[in-house]
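Okay, coords_25.cif is below, mmCIF, C-alpha atoms:
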data_query
#
loop_
_atom_site.label_atom_id
_atom_site.label_comp_id
_atom_site.auth_asym_id
_atom_site.auth_seq_id
_atom_site.Cartn_x
_atom_site.Cartn_y
_atom_site.Cartn_z
CA MET A 779 -18.63 -83.76 36.07
CA PHE A 780 -19.60 -80.71 38.19
CA TYR A 781 -22.26 -79.78 35.63
CA TYR A 782 -24.11 -83.04 36.23
CA LEU A 783 -23.49 -82.89 39.98
CA PHE A 784 -25.04 -79.44 40.21
CA ARG A 785 -27.97 -80.51 38.03
CA TRP A 786 -28.58 -83.31 40.55
CA LEU A 787 -28.27 -80.91 43.49
CA GLU A 788 -30.74 -78.56 41.80
CA GLU A 789 -33.45 -81.16 42.28
CA PHE A 790 -33.02 -80.79 46.04
CA GLY A 791 -33.08 -76.99 45.92
CA PHE A 792 -29.37 -76.63 46.69
CA PRO A 793 -28.50 -72.87 46.76
CA GLY A 794 -26.57 -71.74 43.68
CA ALA A 795 -26.98 -75.04 41.85
CA ARG A 796 -28.62 -73.31 38.89
CA LEU A 797 -25.45 -71.36 38.16
CA MET A 798 -24.20 -74.29 36.08
CA ASP A 799 -27.12 -73.74 33.71
CA TYR A 800 -25.60 -70.44 32.60
CA ILE A 801 -23.05 -70.75 29.80
CA THR A 802 -21.39 -67.47 30.83
CA PHE A 803 -20.79 -68.70 34.40
CA ARG A 804 -19.34 -72.01 33.25
CA SER A 805 -17.15 -70.25 30.68
CA GLY A 806 -15.78 -67.88 33.31
CA ALA A 807 -15.18 -70.75 35.71
CA ALA A 808 -13.40 -72.75 33.00
CA LEU A 809 -11.14 -69.80 32.16
CA LEU A 810 -10.14 -69.21 35.78
CA LEU A 811 -9.58 -72.90 36.47
CA SER A 812 -7.45 -73.39 33.35
CA LEU A 813 -5.42 -70.28 34.18
CA PHE A 814 -4.82 -71.62 37.69
CA ILE A 815 -3.77 -75.05 36.41
CA ALA A 816 -1.43 -73.60 33.77
CA MET A 817 0.31 -71.22 36.17
CA VAL A 818 0.51 -73.41 39.29
CA PHE A 819 0.94 -76.90 37.87
CA GLY A 820 2.76 -75.51 34.84
CA ARG A 821 5.68 -74.56 37.08
CA LYS A 822 5.83 -78.11 38.42
CA ILE A 823 5.74 -79.54 34.89
CA ILE A 824 8.58 -77.24 33.81
CA ASP A 825 10.68 -78.30 36.81
CA ARG A 826 9.99 -81.93 35.98
CA LEU A 827 11.02 -81.43 32.34
CA GLN A 828 14.24 -79.79 33.50
CA LYS A 829 15.06 -82.73 35.77
CA MET A 830 14.40 -85.11 32.88
CA GLN A 831 16.73 -82.94 30.74
CA VAL A 832 14.06 -82.56 28.08
CA GLY A 833 15.78 -79.59 26.45
CA GLU A 834 15.22 -77.94 23.09
CA ILE A 835 17.75 -78.77 20.38
CA ILE A 836 18.71 -75.51 18.64
CA ARG A 837 20.19 -75.20 15.17
CA ASP A 838 22.65 -72.36 14.73
CA LEU A 839 20.94 -70.04 12.25
CA ASN A 840 23.13 -67.07 13.19
CA LEU A 841 20.26 -65.22 14.87
CA GLU A 842 20.77 -62.94 17.85
CA GLY A 843 20.21 -64.70 21.17
CA GLN A 844 19.29 -67.97 19.46
CA MET A 845 21.93 -70.26 20.89
CA GLN A 846 21.21 -69.00 24.42
CA LYS A 847 17.93 -70.92 24.20
CA THR A 848 19.71 -74.26 23.98
CA GLY A 849 18.55 -76.58 26.74
CA THR A 850 15.33 -74.68 27.50
CA PRO A 851 12.69 -77.30 28.41
CA THR A 852 10.44 -78.26 25.52
CA MET A 853 7.21 -80.28 25.25
CA GLY A 854 5.54 -77.53 27.29
CA GLY A 855 2.45 -78.04 25.15
CA ILE A 856 1.54 -80.61 27.80
CA ILE A 857 0.69 -77.66 30.05
CA ILE A 858 -1.75 -76.24 27.49
CA ILE A 859 -3.40 -79.61 26.88
CA ILE A 860 -3.86 -80.45 30.57
CA ALA A 861 -5.07 -76.94 31.43
CA THR A 862 -7.62 -77.13 28.61
CA VAL A 863 -8.89 -80.68 29.03
CA VAL A 864 -9.26 -80.81 32.84
CA PRO A 865 -11.62 -77.79 33.17
CA CYS A 866 -13.72 -79.10 30.28
CA LEU A 867 -14.06 -82.49 31.97
CA LEU A 868 -15.03 -80.83 35.26
CA ILE A 869 -17.30 -78.04 34.04
CA GLY A 870 -18.27 -78.95 30.48
CA LYS A 871 -21.40 -80.71 29.32
CA LEU A 872 -19.86 -84.03 28.32
CA GLY A 873 -23.01 -85.21 26.56
CA ASN A 874 -22.59 -82.40 24.03
CA VAL A 875 -21.17 -83.68 20.73
CA TYR A 876 -19.29 -80.44 20.09
CA MET A 877 -17.47 -80.66 23.41
CA LEU A 878 -16.66 -84.34 22.92
CA LEU A 879 -15.26 -83.73 19.44
CA MET A 880 -13.05 -80.89 20.69
CA LEU A 881 -11.66 -83.05 23.51
CA ILE A 882 -10.90 -85.85 21.06
CA ALA A 883 -9.22 -83.41 18.65
CA THR A 884 -7.09 -81.99 21.47
CA ILE A 885 -5.86 -85.38 22.65
CA TRP A 886 -5.43 -86.64 19.06
CA LEU A 887 -3.12 -83.81 17.97
CA GLY A 888 -1.45 -83.64 21.36
CA ALA A 889 -0.45 -87.29 21.01
CA LEU A 890 0.79 -86.65 17.46
CA GLY A 891 2.93 -83.71 18.57
CA PHE A 892 4.17 -85.56 21.65
CA ALA A 893 5.37 -88.46 19.49
CA ASP A 894 7.26 -86.01 17.26
CA ASP A 895 8.94 -84.28 20.23
CA TYR A 896 9.79 -87.63 21.83
CA LEU A 897 11.58 -88.81 18.69
CA LYS A 898 13.55 -85.55 18.46
CA ILE A 899 14.74 -85.92 22.03
CA LYS A 900 15.49 -89.61 21.63
CA ARG A 901 17.54 -89.03 18.47
CA HIS A 902 19.16 -85.84 19.82
CA ASN A 903 18.39 -83.88 16.65
CA LYS A 904 15.59 -81.87 15.00
CA ASP A 905 14.49 -84.79 12.83
CA GLY A 906 11.45 -86.13 14.60
CA MET A 907 8.48 -87.87 13.07
CA SER A 908 8.35 -88.07 9.29
CA GLY A 909 6.29 -85.29 7.73
CA LYS A 910 4.17 -87.92 6.01
CA PHE A 911 3.04 -89.36 9.35
CA LYS A 912 2.11 -85.87 10.59
CA ILE A 913 0.04 -85.28 7.48
CA VAL A 914 -1.69 -88.64 7.92
CA GLY A 915 -2.60 -87.70 11.50
CA GLN A 916 -3.92 -84.29 10.47
CA VAL A 917 -5.85 -85.71 7.53
CA GLY A 918 -7.31 -88.38 9.81
CA LEU A 919 -8.59 -85.73 12.21
CA GLY A 920 -10.10 -83.63 9.43
CA LEU A 921 -11.78 -86.73 8.02
CA MET A 922 -13.19 -87.67 11.44
CA VAL A 923 -14.55 -84.16 12.05
CA GLY A 924 -16.14 -83.94 8.60
CA ILE A 925 -17.77 -87.37 8.76
CA THR A 926 -19.05 -86.75 12.30
CA MET A 927 -20.67 -83.49 11.21
CA MET A 928 -22.28 -85.30 8.29
CA LEU A 929 -23.65 -88.24 10.29
CA SER A 930 -24.37 -86.91 13.78
CA PRO A 931 -28.06 -86.07 14.30
CA ASP A 932 -27.07 -83.50 16.95
CA MET A 933 -24.94 -81.37 14.62
CA VAL A 934 -27.54 -79.27 12.83
CA ILE A 935 -28.25 -75.65 11.94
CA ARG A 936 -31.19 -73.36 11.34
CA GLN A 937 -31.04 -71.31 8.17
CA ASN A 938 -31.57 -67.57 8.49
CA HIS A 939 -33.59 -65.46 6.05
CA GLU A 940 -34.09 -61.73 5.73
CA ILE A 941 -37.48 -60.00 5.61
CA ILE A 942 -36.98 -56.88 3.49
CA ASN A 943 -39.27 -53.85 3.45
CA ALA A 944 -40.69 -53.52 -0.07
CA SER A 945 -40.57 -49.72 -0.12
CA SER A 946 -37.31 -48.93 1.67
CA GLN A 947 -35.48 -52.16 0.68
CA GLU A 948 -34.10 -52.34 4.20
CA VAL A 949 -33.95 -55.47 6.33
CA GLU A 950 -36.83 -55.41 8.80
CA GLN A 951 -36.19 -58.73 10.51
CA VAL A 952 -34.08 -61.88 10.38
CA VAL A 953 -36.12 -65.05 10.82
CA TYR A 954 -35.13 -68.68 11.16
CA GLU A 955 -36.59 -71.92 9.92
CA THR A 956 -38.76 -73.72 12.47
CA GLU A 957 -36.84 -77.02 12.15
CA ASN A 958 -33.19 -77.93 12.46
CA ILE A 959 -31.56 -79.29 9.32
CA LYS A 960 -28.34 -81.00 8.28
CA SER A 961 -26.51 -78.61 6.01
CA THR A 962 -23.11 -77.84 4.51
CA ALA A 963 -23.84 -74.11 4.70
CA THR A 964 -21.07 -71.95 6.12
CA THR A 965 -20.48 -68.30 6.96
CA ILE A 966 -18.55 -66.07 4.57
CA PRO A 967 -17.79 -62.33 4.71
CA PHE A 968 -19.01 -59.53 2.44
CA VAL A 969 -22.01 -61.52 1.14
CA LYS A 970 -25.70 -60.86 1.74
CA GLU A 971 -26.99 -63.17 4.51
CA ASN A 972 -23.36 -64.35 4.92
CA ASN A 973 -24.21 -67.92 3.87
CA PHE A 974 -22.59 -70.19 1.33
CA ASP A 975 -23.50 -73.83 0.79
CA TYR A 976 -20.91 -76.25 -0.59
CA ALA A 977 -23.80 -78.02 -2.33
CA TYR A 978 -24.05 -74.99 -4.65
CA LEU A 979 -20.88 -76.25 -6.32
CA THR A 980 -22.25 -79.75 -6.85
CA GLN A 981 -25.60 -78.90 -8.45
CA TRP A 982 -24.39 -80.65 -11.61
CA MET A 983 -24.70 -83.94 -9.68
CA GLY A 984 -28.50 -83.63 -9.72
CA ASP A 985 -30.14 -85.77 -7.03
CA HIS A 986 -26.74 -86.41 -5.49
CA ALA A 987 -25.88 -82.73 -5.08
CA ALA A 988 -26.28 -82.87 -1.28
CA THR A 989 -23.97 -85.87 -1.02
CA GLY A 990 -21.47 -84.14 -3.27
CA GLY A 991 -21.65 -81.08 -1.03
CA TRP A 992 -20.76 -83.16 2.02
CA ILE A 993 -17.83 -84.77 0.20
CA LEU A 994 -16.56 -81.31 -0.76
CA PHE A 995 -17.07 -80.09 2.80
CA ILE A 996 -15.04 -83.01 4.19
CA LEU A 997 -12.21 -82.26 1.76
CA VAL A 998 -12.22 -78.62 2.84
CA ALA A 999 -12.19 -79.70 6.51
CA ILE A 1000 -9.14 -81.89 5.87
CA PHE A 1001 -7.34 -79.04 4.12
CA ILE A 1002 -8.22 -76.51 6.84
CA VAL A 1003 -7.03 -78.78 9.67
CA THR A 1004 -3.77 -79.61 7.89
CA ALA A 1005 -2.96 -76.04 6.80
CA THR A 1006 -3.81 -74.43 10.14
CA SER A 1007 -2.02 -77.05 12.23
CA ASN A 1008 1.13 -76.74 10.13
CA GLY A 1009 0.83 -72.95 10.10
CA ALA A 1010 0.79 -72.79 13.90
CA ASN A 1011 3.71 -75.21 13.95
CA LEU A 1012 5.77 -72.92 11.70
CA THR A 1013 4.75 -69.83 13.66
CA ASP A 1014 6.18 -71.33 16.84
CA GLY A 1015 9.69 -69.96 16.35
CA LEU A 1016 9.86 -66.98 18.71
CA ASP A 1017 9.09 -66.72 22.41
CA GLY A 1018 5.35 -66.20 22.92
CA LEU A 1019 4.55 -65.82 19.22
CA ALA A 1020 2.38 -68.89 18.55
CA ALA A 1021 0.71 -68.86 21.99
CA GLY A 1022 -0.14 -65.15 21.82
CA CYS A 1023 -1.50 -65.28 18.27
CA SER A 1024 -3.54 -68.39 19.14
CA ALA A 1025 -5.02 -66.70 22.21
CA ILE A 1026 -6.23 -63.78 20.07
CA ILE A 1027 -7.80 -66.14 17.53
CA ALA A 1028 -9.37 -68.21 20.31
CA VAL A 1029 -11.05 -65.14 21.79
CA ALA A 1030 -12.59 -64.35 18.40
CA LEU A 1031 -13.80 -67.94 17.95
CA ALA A 1032 -15.19 -68.01 21.50
CA ILE A 1033 -17.31 -64.96 20.72
CA MET A 1034 -18.48 -66.53 17.45
CA ALA A 1035 -19.39 -69.78 19.20
CA TYR A 1036 -21.37 -67.92 21.85
CA LEU A 1037 -23.18 -65.74 19.30
CA GLY A 1038 -23.87 -68.66 16.94
CA GLY A 1039 -25.37 -70.68 19.79
CA SER A 1040 -27.86 -67.93 20.65
CA VAL A 1041 -30.81 -67.35 18.33
CA ILE A 1042 -31.05 -63.73 19.49
CA TYR A 1043 -27.44 -62.78 18.79
CA SER A 1044 -27.36 -64.85 15.61
CA SER A 1045 -30.33 -62.85 14.37
CA TYR A 1046 -28.55 -59.57 15.12
CA LEU A 1047 -25.45 -60.57 13.16
CA ASN A 1048 -27.59 -62.30 10.52
CA ILE A 1049 -25.62 -65.53 10.79
CA MET A 1050 -26.86 -69.09 11.03
CA TYR A 1051 -28.06 -70.40 14.38
CA ILE A 1052 -26.25 -73.58 15.50
CA PRO A 1053 -28.10 -75.24 18.41
CA GLY A 1054 -25.72 -76.71 20.98
CA SER A 1055 -22.62 -74.93 19.71
CA GLU A 1056 -22.70 -72.51 22.65
CA GLU A 1057 -20.98 -75.27 24.65
CA LEU A 1058 -17.88 -74.51 22.62
CA SER A 1059 -17.69 -71.24 24.58
CA VAL A 1060 -16.74 -73.28 27.65
CA TYR A 1061 -14.02 -75.09 25.71
CA CYS A 1062 -12.73 -71.84 24.21
CA ALA A 1063 -12.61 -70.22 27.65
CA ALA A 1064 -10.52 -73.10 29.01
CA PHE A 1065 -8.28 -72.93 25.92
CA ILE A 1066 -7.76 -69.17 26.34
CA GLY A 1067 -6.94 -69.54 30.04
CA ALA A 1068 -4.45 -72.29 29.24
CA LEU A 1069 -2.72 -70.14 26.61
CA ILE A 1070 -2.48 -67.11 28.90
CA GLY A 1071 -1.15 -69.25 31.73
CA PHE A 1072 1.39 -70.81 29.38
CA LEU A 1073 2.46 -67.35 28.18
CA TRP A 1074 3.42 -66.56 31.78
CA TYR A 1075 6.37 -68.91 31.27
CA ASN A 1076 6.73 -68.74 27.48
CA ALA A 1077 6.96 -64.95 27.08
CA TYR A 1078 10.41 -63.58 26.25
CA PRO A 1079 12.79 -64.81 27.54
CA ALA A 1080 11.01 -68.17 27.51
CA GLN A 1081 11.37 -70.58 30.42
CA VAL A 1082 9.70 -73.33 28.40
CA PHE A 1083 8.86 -74.07 24.77
CA MET A 1084 5.63 -75.72 23.70
CA GLY A 1085 7.30 -77.97 21.11
CA ASP A 1086 5.26 -79.79 18.50
CA THR A 1087 3.17 -81.14 21.39
CA GLY A 1088 1.71 -77.67 21.63
CA SER A 1089 2.10 -76.06 18.21
CA LEU A 1090 0.48 -78.86 16.19
CA THR A 1091 -2.33 -78.97 18.73
CA LEU A 1092 -2.99 -75.21 18.72
CA GLY A 1093 -3.53 -75.00 14.97
CA GLY A 1094 -5.67 -78.13 14.93
CA ILE A 1095 -7.86 -76.86 17.78
CA ILE A 1096 -8.42 -73.55 16.01
CA ALA A 1097 -9.27 -75.30 12.74
CA VAL A 1098 -11.76 -77.70 14.33
CA LEU A 1099 -13.39 -74.89 16.31
CA ALA A 1100 -13.93 -72.91 13.11
CA ILE A 1101 -15.29 -75.95 11.25
CA LEU A 1102 -17.73 -76.88 14.03
CA THR A 1103 -19.09 -73.33 14.13
CA HIS A 1104 -19.33 -73.19 10.31
CA LYS A 1105 -16.80 -70.34 10.19
CA GLU A 1106 -13.96 -72.14 8.42
CA LEU A 1107 -14.01 -69.78 5.43
CA LEU A 1108 -13.28 -66.86 7.76
CA LEU A 1109 -9.94 -68.42 8.76
CA PRO A 1110 -7.95 -67.03 5.79
CA LEU A 1111 -8.51 -63.62 7.37
CA LEU A 1112 -8.60 -64.53 11.06
CA CYS A 1113 -5.57 -66.87 10.85
CA ALA A 1114 -3.74 -64.93 8.15
CA ILE A 1115 -0.53 -64.93 10.23
CA PHE A 1116 -0.45 -68.75 10.27
CA TYR A 1117 -1.17 -69.01 6.56
CA VAL A 1118 1.38 -66.34 5.61
CA GLU A 1119 3.99 -68.29 7.58
CA ASP A 1120 2.95 -71.40 5.63
CA LEU A 1121 3.09 -69.51 2.33
CA SER A 1122 6.48 -67.94 3.02
CA VAL A 1123 8.06 -71.39 3.40
CA MET A 1124 6.36 -72.78 0.28
CA LEU A 1125 7.37 -69.75 -1.81
CA GLN A 1126 10.95 -69.88 -0.54
CA VAL A 1127 11.36 -73.58 -1.28
CA GLY A 1128 9.60 -73.38 -4.62
CA TYR A 1129 11.60 -70.35 -5.81
CA PHE A 1130 14.87 -71.91 -4.62
CA LYS A 1131 14.24 -75.12 -6.57
CA TYR A 1132 13.11 -73.22 -9.68
CA THR A 1133 16.16 -70.93 -9.76
CA LYS A 1134 18.50 -73.83 -9.10
CA ARG A 1135 17.15 -75.67 -12.15
CA ARG A 1136 17.23 -72.57 -14.35
CA TYR A 1137 20.39 -70.78 -13.22
CA GLY A 1138 22.36 -73.56 -11.58
CA GLU A 1139 22.15 -72.00 -8.14
CA GLY A 1140 19.26 -71.56 -5.76
CA ARG A 1141 18.03 -68.07 -4.94
CA ARG A 1142 15.78 -66.80 -2.17
CA ILE A 1143 12.82 -64.48 -1.83
CA PHE A 1144 13.18 -63.88 1.92
CA LYS A 1145 16.36 -63.68 3.96
CA MET A 1146 15.04 -66.60 6.01
CA THR A 1147 11.79 -68.47 6.53
CA PRO A 1148 9.38 -68.91 8.24
CA LEU A 1149 8.61 -65.22 7.79
CA HIS A 1150 9.24 -64.14 11.41
CA HIS A 1151 12.93 -65.07 11.01
CA HIS A 1152 13.17 -62.75 7.97
CA PHE A 1153 12.79 -59.78 10.32
CA GLN A 1154 15.55 -61.06 12.61
CA LYS A 1155 18.14 -60.92 9.84
CA PRO A 1156 19.79 -57.62 8.91
CA GLY A 1157 19.68 -56.62 5.23
CA ASN A 1158 22.72 -57.14 3.02
CA SER A 1159 24.18 -59.59 5.55
CA GLY A 1160 25.62 -61.81 2.84
CA ILE A 1161 22.33 -63.56 2.09
CA VAL A 1162 21.20 -63.07 -1.51
CA ALA A 1163 17.43 -62.51 -1.38
CA LEU A 1164 14.88 -60.52 -3.34
CA LEU A 1165 13.59 -58.85 -0.17
CA GLN A 1166 16.30 -57.24 1.94
CA LYS A 1167 14.17 -54.91 4.07
CA PRO A 1168 14.29 -54.35 6.97
CA TYR A 1169 17.99 -53.56 6.76
CA THR A 1170 18.32 -53.50 10.54
CA ALA A 1171 17.51 -56.65 12.50
CA ILE A 1172 14.40 -56.26 14.68
CA PRO A 1173 14.58 -57.56 18.28
CA GLU A 1174 12.63 -60.75 18.94
CA SER A 1175 10.30 -59.24 21.52
CA LYS A 1176 9.31 -56.41 19.15
CA ILE A 1177 8.57 -58.85 16.31
CA VAL A 1178 6.31 -60.87 18.61
CA THR A 1179 4.45 -57.79 19.85
CA ARG A 1180 3.90 -56.51 16.31
CA PHE A 1181 2.57 -59.90 15.20
CA TRP A 1182 0.15 -59.81 18.16
CA ILE A 1183 -1.04 -56.34 17.09
CA VAL A 1184 -1.60 -57.59 13.55
CA GLY A 1185 -3.50 -60.57 14.97
CA ILE A 1186 -5.82 -58.29 16.96
CA PHE A 1187 -6.41 -56.15 13.87
CA LEU A 1188 -7.28 -59.24 11.81
CA ALA A 1189 -9.72 -60.47 14.49
CA VAL A 1190 -11.52 -57.11 14.52
CA ILE A 1191 -11.68 -57.00 10.73
CA THR A 1192 -13.11 -60.53 10.68
CA PHE A 1193 -16.07 -59.40 12.79
CA VAL A 1194 -16.51 -56.20 10.79
CA THR A 1195 -16.85 -58.19 7.55
CA LEU A 1196 -19.93 -59.94 8.96
CA LYS A 1197 -21.78 -56.63 8.88
CA ILE A 1198 -20.35 -55.35 5.57
CA ARG A 1199 -22.36 -56.48 2.58
#
Translate this structure into structure tokens?
Amino acid sequence: MFYYLFRWLEEFGFPGARLMDYITFRSGAALLLSLFIAMVFGRKIIDRLQKMQVGEIIRDLNLEGQMQKTGTPTMGGIIIIIATVVPCLLIGKLGNVYMLLMLIATIWLGALGFADDYLKIKRHNKDGMSGKFKIVGQVGLGLMVGITMMLSPDMVIRQNHEIINASSQEVEQVVYETENIKSTATTIPFVKENNFDYAYLTQWMGDHAATGGWILFILVAIFIVTATSNGANLTDGLDGLAAGCSAIIAVALAIMAYLGGSVIYSSYLNIMYIPGSEELSVYCAAFIGALIGFLWYNAYPAQVFMGDTGSLTLGGIIAVLAILTHKELLLPLLCAIFYVEDLSVMLQVGYFKYTKRRYGEGRRIFKMTPLHHHFQKPGNSGIVALLQKPYTAIPESKIVTRFWIVGIFLAVITFVTLKIR
């Protein structure tokens, strides 16, 4: 809204109107505005949730301090969604397809998570929406994102190529094609020129290889959205854990979106140039501000929980951001915490079922899953599990801080891999 207003004022020579033309200014403004909304209006939302008695239902898992959280307001993900969407509507370029798709994804998953939280509160138990309906919603979003990227004429890239010195075999320059193209190319680490095209895997289809590449890309998009959304949902088990990890990942993706939208910086990193994707920097800035503002109330001891309204949305936002910037294959490293949480649950359930069939009783790999709960349990506490370390239970705040440190390390390594070939 303000972007178009200032563009109109620029025609009349209004002082400072050109500031809205700078992506860095709009990103900074979006971050500050979202932080203000999350901290000021967030308090009002929390008070309202308390009056409505929208409290978290806690299962007794025999964890230190767990039952003290009973009744803490949930559905706080509303704060994150509002603080992200409002600045984007005010400062973002709403004619940009990347911005529009991110806003749709945010509201889509926010509505899905809200419905799940509402059912939990209505039924007074932890059984909310059926897992099948959640999967359908996540698959639907991945399908929409993939098809939009395939059909939209505004979602294009420019391929990068290296000019190598014949004598020294060193890269002299990175050049780009003169025309934008539709492509299923994506960025991967450790590989020369950092590009991989899904169509490489469908060459056997002959003339239909490009179509096959898009079909494969859409399937990958669906998988990424589902896995990342569920991973963030599982990670949301300790105060500040999911929000803090998501903020770190969002900072990394904001930098990638800004670099990928600039032909100069793209050339330096030798990654593909994605015209128009720089607008995602504004969205990312608003998202980061919303997460930091939410952490003000969600840090240990939490005054509000995000609920599925927030956790399902966080993972989905991160997944869609990575897909739109053609960085989805970097997520296994950047979002390793989310995926390890996913994997810990799948391994635990799978091993339990296998041992129950074979030995007549189920056995465990971890003391408890998702993985962050494993560290809250002391070793040899009566739970038969393959992994008993650590033998002393780790305080919740220390687990969260250590996960944040790991998240920062993973983000740095993700960037380093772009220059290691």
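Closest approach to A:Gly1140 from the set A:Met1124, A:Val1190, A:Ala1163, A:Ile996 is made by A:Ala1163, with distances taken over only C-alpha atoms.
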Residues matched by the PyMOL selection byres ((chain A and resi 854-858) around 9), written as number ranges by chain: A: 812, 815-817, 819-820, 823-824, 827, 851-853, 859-863, 888, 891-892, 1065, 1067-1069, 1071-1072, 1076, 1082-1089, 1091-1092
Expand the PyMOL selection byres ((chain A and resi 933) around 9) into the individual residues it matches in the shown file, reporting them as a ChimeraX atom specification.
/A:875-876,926-932,934-935,959-960,1052-1055,1102
Query raised in the report: At what distance in Å, to one decimal, does atom CA of A:Lys1197 lie from atom CA of A:Asn1048?
Result: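 Going from atom CA of A:Asn1048 over to atom CA of A:Lys1197, I get 8.3 Å.
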| request: Would you kindly return, as a PyMOL selection string, each protein, DNA or RNA residue with an atom no farther than 12 Å from any atom of A:Val1127, considering only C-alpha atoms and excluding same-chain residues fewer than 5 positions away? | output: chain A and resi 1120-1122+1132-1134+1140-1144+1146-1148
- Counting all atoms listed in the file, the option among A:Val1194, A:Ala999, A:Ile1095, A:Ile885 closest to A:Gly924: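 Using all atoms listed in the file, the shortest distance to A:Gly924 belongs to A:Ala999.
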Exercise for review: For A:Val1003, list every protein, DNA or RNA residue within 9 Å, evaluated using only C-alpha atoms, and leave out those in the same chain fewer than 4 positions away; present the list as a list in words.
Suggested key: Gln916, Val917, Leu919, Gly920, Val998, Ala999, Ser1007, Asn1008, Gly1093, Gly1094, Ile1095, Ile1096, Ala1097, Val1098 and Ile1101 of chain A
>> Which residue is closest to A:His1152? Choose from A:Gly1022, A:Gly1015, A:Gly918, A:Gly1038 and count only C-alpha atoms.
In response: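 The closest residue to A:His1152 is A:Gly1015.
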- Task: Please determine the residues with any atom at most 6 Å from (-22.0, -68.0, 2.5) (coordinates as given in the file, with only C-alpha atoms counting) and report them as a PyMOL selection string.
- Result: chain A and resi 964-966+972-974
Using only C-alpha atoms, the best pick from A:Ala987, A:Leu879, A:Trp992, A:Glu1174 as closest to A:Ile925 would be A:Trp992
Dump as a ChimeraX atom specification all residues having an atom at most 12 Å from (-17.9, -72.6, 32.5), computed in the file's coordinates with all atoms listed in the file.
/A:779-781,797-812,862,864-871,1056-1065,1067
Same residues, C-alpha atoms, saved as a PDB file, in the coordinates of the input:
ATOM      1  CA  MET A 779     -18.630 -83.760  36.070  1.00  0.00           C
ATOM      2  CA  PHE A 780     -19.600 -80.710  38.190  1.00  0.00           C
ATOM      3  CA  TYR A 781     -22.260 -79.780  35.630  1.00  0.00           C
ATOM      4  CA  LEU A 797     -25.450 -71.360  38.160  1.00  0.00           C
ATOM      5  CA  MET A 798     -24.200 -74.290  36.080  1.00  0.00           C
ATOM      6  CA  ASP A 799     -27.120 -73.740  33.710  1.00  0.00           C
ATOM      7  CA  TYR A 800     -25.600 -70.440  32.600  1.00  0.00           C
ATOM      8  CA  ILE A 801     -23.050 -70.750  29.800  1.00  0.00           C
ATOM      9  CA  THR A 802     -21.390 -67.470  30.830  1.00  0.00           C
ATOM     10  CA  PHE A 803     -20.790 -68.700  34.400  1.00  0.00           C
ATOM     11  CA  ARG A 804     -19.340 -72.010  33.250  1.00  0.00           C
ATOM     12  CA  SER A 805     -17.150 -70.250  30.680  1.00  0.00           C
ATOM     13  CA  GLY A 806     -15.780 -67.880  33.310  1.00  0.00           C
ATOM     14  CA  ALA A 807     -15.180 -70.750  35.710  1.00  0.00           C
ATOM     15  CA  ALA A 808     -13.400 -72.750  33.000  1.00  0.00           C
ATOM     16  CA  LEU A 809     -11.140 -69.800  32.160  1.00  0.00           C
ATOM     17  CA  LEU A 810     -10.140 -69.210  35.780  1.00  0.00           C
ATOM     18  CA  LEU A 811      -9.580 -72.900  36.470  1.00  0.00           C
ATOM     19  CA  SER A 812      -7.450 -73.390  33.350  1.00  0.00           C
ATOM     20  CA  THR A 862      -7.620 -77.130  28.610  1.00  0.00           C
ATOM     21  CA  VAL A 864      -9.260 -80.810  32.840  1.00  0.00           C
ATOM     22  CA  PRO A 865     -11.620 -77.790  33.170  1.00  0.00           C
ATOM     23  CA  CYS A 866     -13.720 -79.100  30.280  1.00  0.00           C
ATOM     24  CA  LEU A 867     -14.060 -82.490  31.970  1.00  0.00           C
ATOM     25  CA  LEU A 868     -15.030 -80.830  35.260  1.00  0.00           C
ATOM     26  CA  ILE A 869     -17.300 -78.040  34.040  1.00  0.00           C
ATOM     27  CA  GLY A 870     -18.270 -78.950  30.480  1.00  0.00           C
ATOM     28  CA  LYS A 871     -21.400 -80.710  29.320  1.00  0.00           C
ATOM     29  CA  GLU A1056     -22.700 -72.510  22.650  1.00  0.00           C
ATOM     30  CA  GLU A1057     -20.980 -75.270  24.650  1.00  0.00           C
ATOM     31  CA  LEU A1058     -17.880 -74.510  22.620  1.00  0.00           C
ATOM     32  CA  SER A1059     -17.690 -71.240  24.580  1.00  0.00           C
ATOM     33  CA  VAL A1060     -16.740 -73.280  27.650  1.00  0.00           C
ATOM     34  CA  TYR A1061     -14.020 -75.090  25.710  1.00  0.00           C
ATOM     35  CA  CYS A1062     -12.730 -71.840  24.210  1.00  0.00           C
ATOM     36  CA  ALA A1063     -12.610 -70.220  27.650  1.00  0.00           C
ATOM     37  CA  ALA A1064     -10.520 -73.100  29.010  1.00  0.00           C
ATOM     38  CA  PHE A1065      -8.280 -72.930  25.920  1.00  0.00           C
ATOM     39  CA  GLY A1067      -6.940 -69.540  30.040  1.00  0.00           C
TER      40      GLY A1067
END
Could you list, as a PyMOL selection string, every residue matched by the PyMOL selection byres ((chain A and resi 1179-1189) around 12) in this structure? chain A and resi 1013+1016-1034+1077-1078+1108-1116+1118-1119+1149-1150+1153+1172-1178+1190-1196
Quiz item: In Å, how far is it from atom CA of A:Tyr954 to atom CA of A:His1104?
Solution: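 Atom-to-atom, atom CA of A:Tyr954 to atom CA of A:His1104, that is 16.5 Å.
Relative to atom CA of A:Ala1035, atom CA of A:Leu1099 is found at 8.4 Å.
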Next item on the list: With a distance cut-off of 7 Å and only C-alpha atoms, select the neighbouring residues of A:Ala1171, excluding the residue or stretch itself and same-chain residues fewer than 2 positions from it, and output the selection as a list in words.
Entry: Phe1153, Gln1154, Lys1155, Pro1156, Pro1168, Tyr1169 and Pro1173 of chain A
